[in-house]
Structure formats: C-alpha cells, structure tokens
Amino acid sequence: MKWSFFDAMSYALLYEELSSPLHLLDPRAKLLYVVLTIAVSVAVSRLDALLLVLAVNLAVLALYRNLIARFILLLRGLAPFIAIIVVFNILVSLAFTSVSIAETVATQLRSVTRIACLTAALLVLLSTTTPRQIIQAFTSIGITYTYVYPFIVALRFIPILFSEMRNIYDAQRARGLDFERGRAIDRVKRLTAIVIPTIVCSVIRAKDLIEAMELRGFGYSKKRTFYKPIKFRRVDVIFTVAITAVYLAAIIAAVTTPAIL
Amino acid sequence: MSGRAIELKGVTYFYPNTTTPALEHVTLSIDYGEFVAIAGPSGGGKSTLARIVTGLIPHVYGGTLDGEVHVDGINVAEKGIRGIVGRVGIVLQVPENQIVNLVVEEEIAFPLENLLLDGQTILNRIEEVLHSLGIEHLRSRATNTLSGGEIQKVVIASVLACEPRILILDEPLAHLDPYTVRELLEILYRLNRSHGVTIVVIEHRLSELLKYVSRLIVLDRYVVADGEPRDVLTTIVNSGSGMGIEVPQVSRLSAKMGGGSVPVSIEESLDVFSRLLSRDDGCGSLAQYGAGEVKRAGEDPVIAAEDLWYAYPSGRAALRGVTVSVYRGEFVAIVGANGSGKTTLVKHFSGILKPSRGSVKVFGRDTSSYSVAELARHVGAVFQNPLHQFFNETVLDEVLFSARNMGIRDAEERALSVLRYFNLSHLADRSPYEISVGEQRRLAIASILIYDPEIVVLDEATAGIDFSLKMELLKLLVDLVERGKTVILTTHDIEFITYAPLDRIIVLNDGRVLAHGPPRELLYSDELLVKARVAPPQIPVLVKRIGLDRCARPLNEKELYSILLPGERR
C-alpha cells in the first residue's frame, strides 16, 4: 500500500491506547529519556558513537509492536526536508569553506543520525504517552499546568492537522489542481491552496477548542488535581539508569577511543 | 429571577464591527426540568443564544450585549463563564473540535480535574457517567479512533460528569446518521426524566427531536414562536414561511390538507390519515408512484466499480468488494450509516483514492491510469467542508481559479455567468470566508461547474444546512440532471432524498453494497433499511402503516397529497 506524506505523518504520530512496557513507564522517565537523548546527540560528535545511541533508541522502539515501522514512516515523511537541508549545507560548505567533500558529507551523516535519534525518542514519548500524562509530569516538578497545556495540546493536534491537510489536498486535486506537475516554483506557489485552508480550518478548530476548554473550567484555578497519581517505580529507575549508562558509555567511548567510523 | 433555569430579558446583541443585531429584544425563560428545542433558519441567532447563555458572549467574543441574562440564578453577563462552570454544560456544534484529551477516560476527567475534585470522586463520577450513557466499553479508547456518534457521547459524558443542572446542545444531530440520532435523543430524554436535567437542544432537524421535547422555540433574530411543539409547528407550517425548519413530513401533509392542529409524529397522524387513506375497494385511482425500475441498464456505464476493495493505511477495510455502475444522466444517491464507506467510495470515483483491489473505470478507462487532475475534467467532486477548497481573496477569484486550472478560454465571462446561475454574482468581490454557509456550499459547487464536468459528485452536501437551503441545493441539482449531467450524492439525510427525483439509491453497509434500486422500492423495504441502519422516511412509514403501499408508493408529503387530491396535483 502506498502511503501519502500526510497519511504517513498522521499515522506515525498517532497515540495508541495499548498496554505495552513503554505505555506503563512513568511519563517523567520518558521525558528524561528524551532530554538525555537530545543531550547525548549534541554532546557526541563521532559517527560511530552516534550510531550506538541510535541503536539504543531502536532497541527502545522495539519494545512496542509497530514503533519501528512508524519510525521508518516518519523518516520517509521527513526525508524530503532532510534532503533539502543536507544538500543546502553541502553546497554552502563547498562554496564558502575549505572543508573537504568527505568531511562535509561526514558532518551531514552525523546530523542525519542525530535527527534519527531525536525522532526515535520523541516517537516513543508521543506514541505511548497522553498529553495529560505529560502535563502531570511537568506539574509534579512545579510547573503550572496552564503554561504547559497549550504546547501539549498543540502536539495532540499534529496528527489531526496532517489529516486535515490530506482532506484539503484531496479537495484541491478534485478541482483540477495538479501538485505533481510543472516547474518547482509553480508547485511551491500551488501549495498556498493547501496552506491557506489549513490555517483557516486550524484557527476555527483552535477557537472551538478554547471555548470548550473554558466552558469546562480550564484556568478555573492555578492548581489542578489529577485523578490518577503517577509513581516513579523500580522499572522507571531501571529504564532511566540503563539509558543513562549507555549514553555515558557512548560519550566516554567517543572521548577515549579511536574512531571506527 | 433565581427560580428559572434560564432567563433572558430584552437581550439584543451585536457582534464586533457589525451594525445588524444577531439577536434583537429576545425575552424568554426556561424552567428547571424542561426539555426544549430551539429551531430557526441558519443565521437566525441560535448559536449566538447558546454563547450568550454560557457567557462566551460577551466575555470571549466581545461585541455589545444589552439586556439581562440569568442562568441558574447567576447573572452570566456579569460573572462570565467562571460563574456557571459546572452548573451549565454545553456541547458545541462540532464535537470533535472540543476533545482535548487522547483517551476517553481522561476527557471525562478533564473538567473535574480543573474544578479541583479529588481523585476518588473523579473516578466515581467517570464510572457513573459512563454507565448512565451506556459507553463503558469506550473508557480506554483513544478519542481519535471514535466514530461521530461516539465522539458526541463522550463530549456529553465529559459535560455531564460535572453534574450540571442545565445541558445545552448546539446542533448535535447535524452529522449523525438517523440511528445514532435516535440513540442520542433517548439518552437525553432519560437524563431529563430520571435526573431532572434541564435540556436545551438547538437544532433544525426536528422530525425525530419533536417526539421528545415538551416545548419548541423558533428563533430568527427574535423569538418568532414559543410553546407546545404542535402549536408552534401549526403556526409555522400554516404561515407558509417554513423558517428553515425541517418540519416533519406528516405535519406538512396535515397542513397541506388544512387539518387545523398538525400532528408531530407518525403515531399521532395515523388516526387522521388512516381514515382518509385506507381503501377497502382495491387501489382504484391511487395506482400511481409505483415501485419504479432501474433505467438505462443496457448502456455503458460512465462509472463502473468492480469488486472494489479499499483498506486505509491503519489496516481498516473501508470497502469490501463493491460492484456498482452509474449511467449517463442518472441522479443517484449513496446512502448508509456513518462509517459505511460512502465517502471512501466517491473518493474512488474522482481518483483521489485508488483501489487496494479491484477496479474503478470512468468512461471505460481505469482510474489508476488517470491523474486526479485529469479525472477532475470528467468528475467534479465537492466534499463535505467547503472551507477545504477556498483560498482566494474573492468569490470570483475562487471560481476563476478552477477555470484556469482547466485551461478554460473566456474564463472571466464563464465565471460571471456561473456566479449568476448560482445567484452569487452580487457577492463576486466578497471573501469566500465572509459569505453564509449556504452561499459557501453554492460557491463550492460553482467552482466545479465552471469547467462543465459530465459527472458531479457531492459528499454529504446537506450536512449542517437548514431546510430551505437544502431545497435550494436540490433545485440546483435537479437542474443539472435536466441539463444531462450525471449527479451522485452521498448522504445520511433520508428525508432530503425523498424530495429528490432520484433514479436510483445505492445502500452501503460496512463497506458493502447492500442493495441498489429505485427509491420507491428501497425506501419501502423495512428489512433493508434496518440492516443498513438507515431510518425510513415518514411518508413511506405512514403509507405502509395504513396498508396503502400495495397501491402507491409516495415518498414525500407532496406526492401523497397529490394522490389524495389528484385534481390539485401540480
């Protein structure tokens, strides 16, 4: 089955209500995992060490039935954008710096690996944690929920946005707008036919959502209760320690051992 | 003032930057325990009233509000939304836009957590409300996997969890199939009867709703009528204005026959009509509007789907071996419950979706060999939400855009002529976002017809529009058919299709074709309609109950009336 960009992105980021080991982890453990992945991806500059980090992330993804498949879908969806950035960087490096082609390509490979690591970690968080759980995690460390909610709700709407864009794309094609033919500049211009209705529909959706939230007491008090307490259990400690240990090993190895790649 | 659930005195409201009031001198009161319907034409101020009662106006929308608004004893205009949170629950027009959380249980807990209730109380309330709405099975479901009817119930559950004394629902039935409509109204009736919740339903689809409500208010900027549903309907249908309300067909029939007070349900109308309609002496002159037959079976179809299967990327099969043909000049309706595969099927006709298995041919050529843009020259498709199409600055540009896409010569001249045909030329310089819902619907069709496709496909074109706009739309479609176009529409609005001179109905259920044939055959088949979860329209039910269906099979009140009084048939 051929996946369109919109279908792929919408499906890959969708939360699924299942009871997997990743669903059962404390949201704080998963948030910490994302933060650690970002930190190690930035700290390590050697490709072999980054590949080790990626391998760890792939192992985490494998804990849940279809996360690897979704990861591939997500990367495929992002591929055109990543490719544009990589080509642009290579061209700029070659045109304006004295860095060799090999080194430039290696730098871009490292960047792509970093993106893959971050994508994997975020995918674990978003596919197995509800926005409410993430808010609960932030609230438990003293951050007021009214500040966090808008960002988290925005995350929840990403798959819906892609699904809406898909409908708009279909509606425009149905009246003869061809997004796949013509010069690149014309194709980019045609994208306004998707972008403008998407913005209009998103604004309407956001307005409805704000009204619904206000009418159900959002912001009624600075505090908020949570009907299910979250607990940092032994399994969360083991997960966090294991991830930290492997990431530390990657950093140490990158500093102390000769590069393999 | 505190004795009433809702009390408005002399309320006039202007939206910001407008000079015409959305509501004018509205005075009305609703007592605790009432079940009230508020109807009226699109743009008549129904949703504005809901926003005023809940404090969204003026606190979120701004504008100028005069008069007094008291809800559950609270002066809402003064206290705002916070004053009535938890006391008044509201379900807004598009329920899926109101879902904040990803899991049903979390969605129900959301307002309770905001109101600082403790964990155990919240869990108890979740259980109670899931039980009372009969949706325990949805508790752990992700909200993005729910059907339209399920979403509606979850939003209601979330509102009810606060134990409000007043529940307001703004057009809750617009996007639901008739079976889900009935299910939802039963729930509301139960809440009203056993829990004493005051219920206000804003709606223009009244046929089913009127069986449950004790009072009907008609609003068109001011209160046009208010009282017992039968009296209000009698006033409305006898005035001939209709007020955009979908008056039950039996009420229209009664009014046409000059029967004084109109019945509001089939049961009520049986007494009156059985005397008039029953025939002991055979069919006599009544043998008209027979079952009808499928036309043009011998011709080559313009669209032919053969053993069509389609599965969405998630793996869910939406179409399972569909085989249908549509012939040149036919007027066809595809009906079925929510999720039966109607939209998926017509997306195959316009090439937007390609079959997972099987084939779809348009004018004998496989759609997989066409690009969507190429196919659009033959099949003009208008989807449910017109806003998905619009992005130009003016109405004229919107139509011109399609014309230029298709390389139409004299595009401007053609565009102006199409706008005239659709009665939109006076809006040519306005933004497509500023015009009314009915005008947007017409514009969406106009921007397809500018390039004159042979086949026109409309997906749920009547969702959310009032009765007069539906009839306006039908006139356009009939005109297209008379001009030789093939028109295909998908709908779950069965009352609407009884007014359409359809050649054929295709009934879908769970991705399969359950039946196809002439309307007079299918809409008189109880077994089929039950299987397809499609509620039968009122006139066929009435005719069958009286036993007249062996003689004639009228579909709407006009046809039945012409049978009774053939001399007056037009």
# chains A, B, ... in the order shown; residues from 1 in each chain; ligands from 1
call {"tool": "interface_residues", "arguments": {"of": "chain B", "to": "chain A", "cutoff": "7 Å", "atoms": "only C-alpha atoms", "output": "PyMOL selection string"}}
result
chain B and resi 81-82+85+97-98+100-102+111+113-120+122-123+140-142+313+350+352+372-374+376+380-381+383+387-391+402+405-406+448
call {"tool": "select_by_dssp", "arguments": {"residues": "region 21-82 of chain B", "states": "strand (DSSP E or B)", "output": "PyMOL selection string"}}
result
chain B and resi 23-30+35-39+64-71+74-75
call {"tool": "residues_around", "arguments": {"residues": "region 47-58 of chain A", "least_positions_apart": "6", "cutoff": "8 Å", "atoms": "only C-alpha atoms", "output": "list in words"}}
result
Thr37, Val40, Ser41, Ile68, Ala106, Leu109, Arg110, Thr113, Arg114, Ala116, Cys117, Ala120, Ala121, Ile243, Val246, Tyr247, Ala250, Ile251, Ala253, Ala254, Ala259, Ile260 and Leu261 of chain A
call {"tool": "atom_distance", "arguments": {"atom1": "CA of Val224 (chain B)", "atom2": "CA of Arg205 (chain B)"}}
result
17.4 Å
call {"tool": "residues_around", "arguments": {"residues": "region 86-96 of chain A", "least_positions_apart": "5", "cutoff": "8 Å", "atoms": "only C-alpha atoms", "output": "PyMOL selection string"}}
result
chain A and resi 101+104-105+108
call {"tool": "write_last_selection", "arguments": {"atoms": "C-alpha atoms", "output": "PDB file, in the first residue's frame"}}
result
ATOM      1  CA  ILE A 101      33.891  16.937   0.481  1.00  0.00           C
ATOM      2  CA  THR A 104      31.277  17.766   4.693  1.00  0.00           C
ATOM      3  CA  VAL A 105      29.459  14.529   3.874  1.00  0.00           C
ATOM      4  CA  GLN A 108      25.833  15.720   7.265  1.00  0.00           C
TER       5      GLN A 108
END
call {"tool": "residues_around", "arguments": {"residues": "Ile151 (chain B)", "least_positions_apart": "3", "cutoff": "12 Å", "atoms": "only C-alpha atoms", "output": "PyMOL selection string"}}
result
chain B and resi 91+94-104+107-108+135+138+141-148+154-158+172+175-176+180+184
call {"tool": "write_last_selection", "arguments": {"atoms": "N, CA, C and O atoms", "output": "compact mmCIF listing (two decimals), in the first residue's frame"}}
result
# COMPACT_ATOMS: atom_id res chain seq x y z
N VAL B 91 -22.54 21.49 24.78
CA VAL B 91 -21.89 20.73 23.72
C VAL B 91 -21.99 21.59 22.47
O VAL B 91 -23.09 21.86 22.00
N VAL B 94 -19.37 21.42 16.61
CA VAL B 94 -18.55 20.35 16.03
C VAL B 94 -17.87 19.60 17.18
O VAL B 94 -16.86 20.05 17.71
N PRO B 95 -18.42 18.48 17.61
CA PRO B 95 -17.93 17.84 18.83
C PRO B 95 -16.46 17.44 18.77
O PRO B 95 -15.75 17.53 19.76
N GLU B 96 -15.96 17.02 17.59
CA GLU B 96 -14.56 16.58 17.57
C GLU B 96 -13.58 17.72 17.85
O GLU B 96 -12.47 17.49 18.28
N ASN B 97 -14.02 18.96 17.61
CA ASN B 97 -13.15 20.10 17.90
C ASN B 97 -13.07 20.39 19.40
O ASN B 97 -12.28 21.23 19.83
N GLN B 98 -13.94 19.74 20.19
CA GLN B 98 -13.96 20.02 21.63
C GLN B 98 -13.19 19.01 22.45
O GLN B 98 -13.05 19.15 23.65
N ILE B 99 -12.72 17.96 21.78
CA ILE B 99 -11.98 16.93 22.51
C ILE B 99 -10.58 17.43 22.80
O ILE B 99 -9.83 17.80 21.89
N VAL B 100 -10.22 17.46 24.07
CA VAL B 100 -8.91 17.98 24.47
C VAL B 100 -7.92 16.85 24.67
O VAL B 100 -6.74 17.00 24.38
N ASN B 101 -8.41 15.72 25.16
CA ASN B 101 -7.51 14.64 25.56
C ASN B 101 -7.52 13.46 24.61
O ASN B 101 -8.37 13.38 23.73
N LEU B 102 -6.58 12.57 24.81
CA LEU B 102 -6.40 11.47 23.88
C LEU B 102 -7.10 10.18 24.29
O LEU B 102 -7.23 9.27 23.50
N VAL B 103 -7.53 10.11 25.54
CA VAL B 103 -8.19 8.89 26.00
C VAL B 103 -9.55 9.30 26.58
O VAL B 103 -9.67 10.33 27.24
N VAL B 104 -10.57 8.49 26.32
CA VAL B 104 -11.94 8.82 26.73
C VAL B 104 -12.01 9.14 28.23
O VAL B 104 -12.57 10.15 28.65
N GLU B 107 -10.68 12.44 29.04
CA GLU B 107 -11.55 13.50 28.55
C GLU B 107 -12.68 13.77 29.55
O GLU B 107 -13.04 14.91 29.80
N ILE B 108 -13.20 12.69 30.12
CA ILE B 108 -14.29 12.86 31.09
C ILE B 108 -13.75 13.48 32.38
O ILE B 108 -14.41 14.29 33.02
N ILE B 135 -21.68 3.71 27.82
CA ILE B 135 -20.47 3.71 26.99
C ILE B 135 -19.26 3.21 27.79
O ILE B 135 -18.13 3.65 27.56
N LEU B 138 -16.12 2.25 25.98
CA LEU B 138 -15.24 3.25 25.35
C LEU B 138 -14.18 3.79 26.31
O LEU B 138 -13.30 4.55 25.91
N ARG B 141 -10.60 3.81 25.20
CA ARG B 141 -10.36 4.05 23.77
C ARG B 141 -9.69 5.39 23.55
O ARG B 141 -9.89 6.36 24.28
N ALA B 142 -8.85 5.45 22.49
CA ALA B 142 -8.25 6.73 22.09
C ALA B 142 -9.34 7.55 21.41
O ALA B 142 -10.11 7.01 20.60
N THR B 143 -9.41 8.83 21.74
CA THR B 143 -10.51 9.65 21.21
C THR B 143 -10.43 9.80 19.69
O THR B 143 -11.44 10.04 19.05
N ASN B 144 -9.21 9.66 19.14
CA ASN B 144 -9.10 9.82 17.68
C ASN B 144 -9.55 8.58 16.90
O ASN B 144 -9.49 8.57 15.68
N THR B 145 -9.99 7.55 17.60
CA THR B 145 -10.47 6.37 16.89
C THR B 145 -12.00 6.24 16.98
O THR B 145 -12.57 5.25 16.53
N LEU B 146 -12.65 7.24 17.59
CA LEU B 146 -14.09 7.13 17.81
C LEU B 146 -14.88 7.57 16.58
O LEU B 146 -14.41 8.42 15.81
N SER B 147 -16.08 7.00 16.43
CA SER B 147 -16.96 7.43 15.34
C SER B 147 -17.64 8.74 15.75
O SER B 147 -17.56 9.15 16.92
N GLY B 148 -18.34 9.38 14.80
CA GLY B 148 -19.02 10.65 15.08
C GLY B 148 -19.98 10.54 16.26
O GLY B 148 -19.99 11.40 17.15
N VAL B 154 -19.13 11.00 24.11
CA VAL B 154 -18.02 11.25 25.03
C VAL B 154 -18.02 12.72 25.47
O VAL B 154 -17.81 13.03 26.65
N VAL B 155 -18.29 13.62 24.53
CA VAL B 155 -18.34 15.05 24.88
C VAL B 155 -19.47 15.27 25.89
O VAL B 155 -19.30 15.99 26.89
N ILE B 156 -20.61 14.64 25.65
CA ILE B 156 -21.73 14.78 26.59
C ILE B 156 -21.34 14.20 27.95
O ILE B 156 -21.61 14.80 28.99
N ALA B 157 -20.65 13.06 27.93
CA ALA B 157 -20.22 12.43 29.20
C ALA B 157 -19.32 13.38 29.98
O ALA B 157 -19.46 13.53 31.19
N SER B 158 -18.41 14.01 29.26
CA SER B 158 -17.46 14.91 29.92
C SER B 158 -18.19 16.10 30.55
O SER B 158 -17.83 16.57 31.63
N PRO B 172 -26.58 19.18 17.71
CA PRO B 172 -25.89 17.91 17.97
C PRO B 172 -26.18 16.83 16.93
O PRO B 172 -25.48 15.83 16.86
N HIS B 175 -24.44 15.92 12.04
CA HIS B 175 -23.55 15.00 11.31
C HIS B 175 -23.80 13.54 11.67
O HIS B 175 -22.98 12.68 11.38
N LEU B 176 -24.93 13.28 12.33
CA LEU B 176 -25.18 11.91 12.78
C LEU B 176 -26.19 11.21 11.87
O LEU B 176 -27.12 11.84 11.36
N THR B 180 -28.12 6.86 15.02
CA THR B 180 -27.35 7.46 16.11
C THR B 180 -28.13 8.64 16.70
O THR B 180 -28.07 8.89 17.90
N LEU B 184 -29.01 9.01 20.63
CA LEU B 184 -28.61 10.18 21.40
C LEU B 184 -29.82 10.83 22.07
O LEU B 184 -29.78 11.21 23.25
call {"tool": "residues_around", "arguments": {"residues": "region 27-38 of chain B", "least_positions_apart": "5", "cutoff": "6 Å", "atoms": "only C-alpha atoms", "output": "list in words"}}
result
Arg4, Ala5, Ile6, Glu7, Leu8, Lys9, Gly10, Gly196, Val197, Thr198, Ile199, Val200, Val201, Ile202, Val213, Ser214, Arg215, Leu216, Ile217 and Val218 of chain B
call {"tool": "atom_distance", "arguments": {"atom1": "CA of Leu133 (chain B)", "atom2": "CA of Ile187 (chain B)"}}
result
6.5 Å
call {"tool": "atom_distance", "arguments": {"atom1": "CA of Tyr327 (chain B)", "atom2": "CA of Ala500 (chain B)"}}
result
17.4 Å
call {"tool": "decode", "arguments": {"residues": "region 362-375 of chain B", "atoms": "N, CA, C and O atoms", "output": "PDB file, in the first residue's frame"}}
result
ATOM      1  N   VAL B 362     -13.811   5.044 -15.253  1.00  0.00           N
ATOM      2  CA  VAL B 362     -14.608   6.223 -15.576  1.00  0.00           C
ATOM      3  C   VAL B 362     -14.565   6.372 -17.089  1.00  0.00           C
ATOM      4  O   VAL B 362     -13.472   6.434 -17.671  1.00  0.00           O
ATOM      5  N   PHE B 363     -15.716   6.387 -17.709  1.00  0.00           N
ATOM      6  CA  PHE B 363     -15.824   6.369 -19.175  1.00  0.00           C
ATOM      7  C   PHE B 363     -14.967   5.243 -19.770  1.00  0.00           C
ATOM      8  O   PHE B 363     -14.252   5.433 -20.756  1.00  0.00           O
ATOM      9  N   GLY B 364     -14.998   4.103 -19.121  1.00  0.00           N
ATOM     10  CA  GLY B 364     -14.332   2.912 -19.637  1.00  0.00           C
ATOM     11  C   GLY B 364     -12.839   2.842 -19.371  1.00  0.00           C
ATOM     12  O   GLY B 364     -12.201   1.840 -19.683  1.00  0.00           O
ATOM     13  N   ARG B 365     -12.276   3.904 -18.778  1.00  0.00           N
ATOM     14  CA  ARG B 365     -10.822   3.882 -18.546  1.00  0.00           C
ATOM     15  C   ARG B 365     -10.540   3.763 -17.051  1.00  0.00           C
ATOM     16  O   ARG B 365     -11.181   4.436 -16.237  1.00  0.00           O
ATOM     17  N   ASP B 366      -9.590   2.908 -16.714  1.00  0.00           N
ATOM     18  CA  ASP B 366      -9.249   2.656 -15.318  1.00  0.00           C
ATOM     19  C   ASP B 366      -8.742   3.935 -14.643  1.00  0.00           C
ATOM     20  O   ASP B 366      -7.889   4.627 -15.209  1.00  0.00           O
ATOM     21  N   THR B 367      -9.263   4.227 -13.449  1.00  0.00           N
ATOM     22  CA  THR B 367      -8.849   5.479 -12.785  1.00  0.00           C
ATOM     23  C   THR B 367      -7.367   5.474 -12.417  1.00  0.00           C
ATOM     24  O   THR B 367      -6.773   6.525 -12.249  1.00  0.00           O
ATOM     25  N   SER B 368      -6.762   4.277 -12.297  1.00  0.00           N
ATOM     26  CA  SER B 368      -5.335   4.265 -11.940  1.00  0.00           C
ATOM     27  C   SER B 368      -4.473   4.763 -13.102  1.00  0.00           C
ATOM     28  O   SER B 368      -3.294   5.075 -12.904  1.00  0.00           O
ATOM     29  N   SER B 369      -5.063   4.861 -14.307  1.00  0.00           N
ATOM     30  CA  SER B 369      -4.275   5.396 -15.423  1.00  0.00           C
ATOM     31  C   SER B 369      -4.501   6.908 -15.589  1.00  0.00           C
ATOM     32  O   SER B 369      -3.934   7.531 -16.470  1.00  0.00           O
ATOM     33  N   TYR B 370      -5.349   7.508 -14.756  1.00  0.00           N
ATOM     34  CA  TYR B 370      -5.587   8.959 -14.781  1.00  0.00           C
ATOM     35  C   TYR B 370      -4.850   9.595 -13.596  1.00  0.00           C
ATOM     36  O   TYR B 370      -4.761   8.983 -12.532  1.00  0.00           O
ATOM     37  N   SER B 371      -4.436  10.850 -13.756  1.00  0.00           N
ATOM     38  CA  SER B 371      -4.077  11.605 -12.549  1.00  0.00           C
ATOM     39  C   SER B 371      -5.388  12.204 -12.036  1.00  0.00           C
ATOM     40  O   SER B 371      -6.365  12.290 -12.778  1.00  0.00           O
ATOM     41  N   VAL B 372      -5.385  12.619 -10.763  1.00  0.00           N
ATOM     42  CA  VAL B 372      -6.619  13.173 -10.196  1.00  0.00           C
ATOM     43  C   VAL B 372      -7.037  14.414 -10.990  1.00  0.00           C
ATOM     44  O   VAL B 372      -8.216  14.619 -11.275  1.00  0.00           O
ATOM     45  N   ALA B 373      -6.051  15.223 -11.364  1.00  0.00           N
ATOM     46  CA  ALA B 373      -6.358  16.456 -12.101  1.00  0.00           C
ATOM     47  C   ALA B 373      -6.989  16.136 -13.457  1.00  0.00           C
ATOM     48  O   ALA B 373      -7.933  16.815 -13.874  1.00  0.00           O
ATOM     49  N   GLU B 374      -6.489  15.086 -14.120  1.00  0.00           N
ATOM     50  CA  GLU B 374      -7.071  14.696 -15.412  1.00  0.00           C
ATOM     51  C   GLU B 374      -8.516  14.240 -15.229  1.00  0.00           C
ATOM     52  O   GLU B 374      -9.408  14.622 -15.980  1.00  0.00           O
ATOM     53  N   LEU B 375      -8.694  13.434 -14.190  1.00  0.00           N
ATOM     54  CA  LEU B 375     -10.023  12.873 -13.946  1.00  0.00           C
ATOM     55  C   LEU B 375     -11.028  13.967 -13.562  1.00  0.00           C
ATOM     56  O   LEU B 375     -12.225  13.855 -13.840  1.00  0.00           O
TER      57      LEU B 375
END
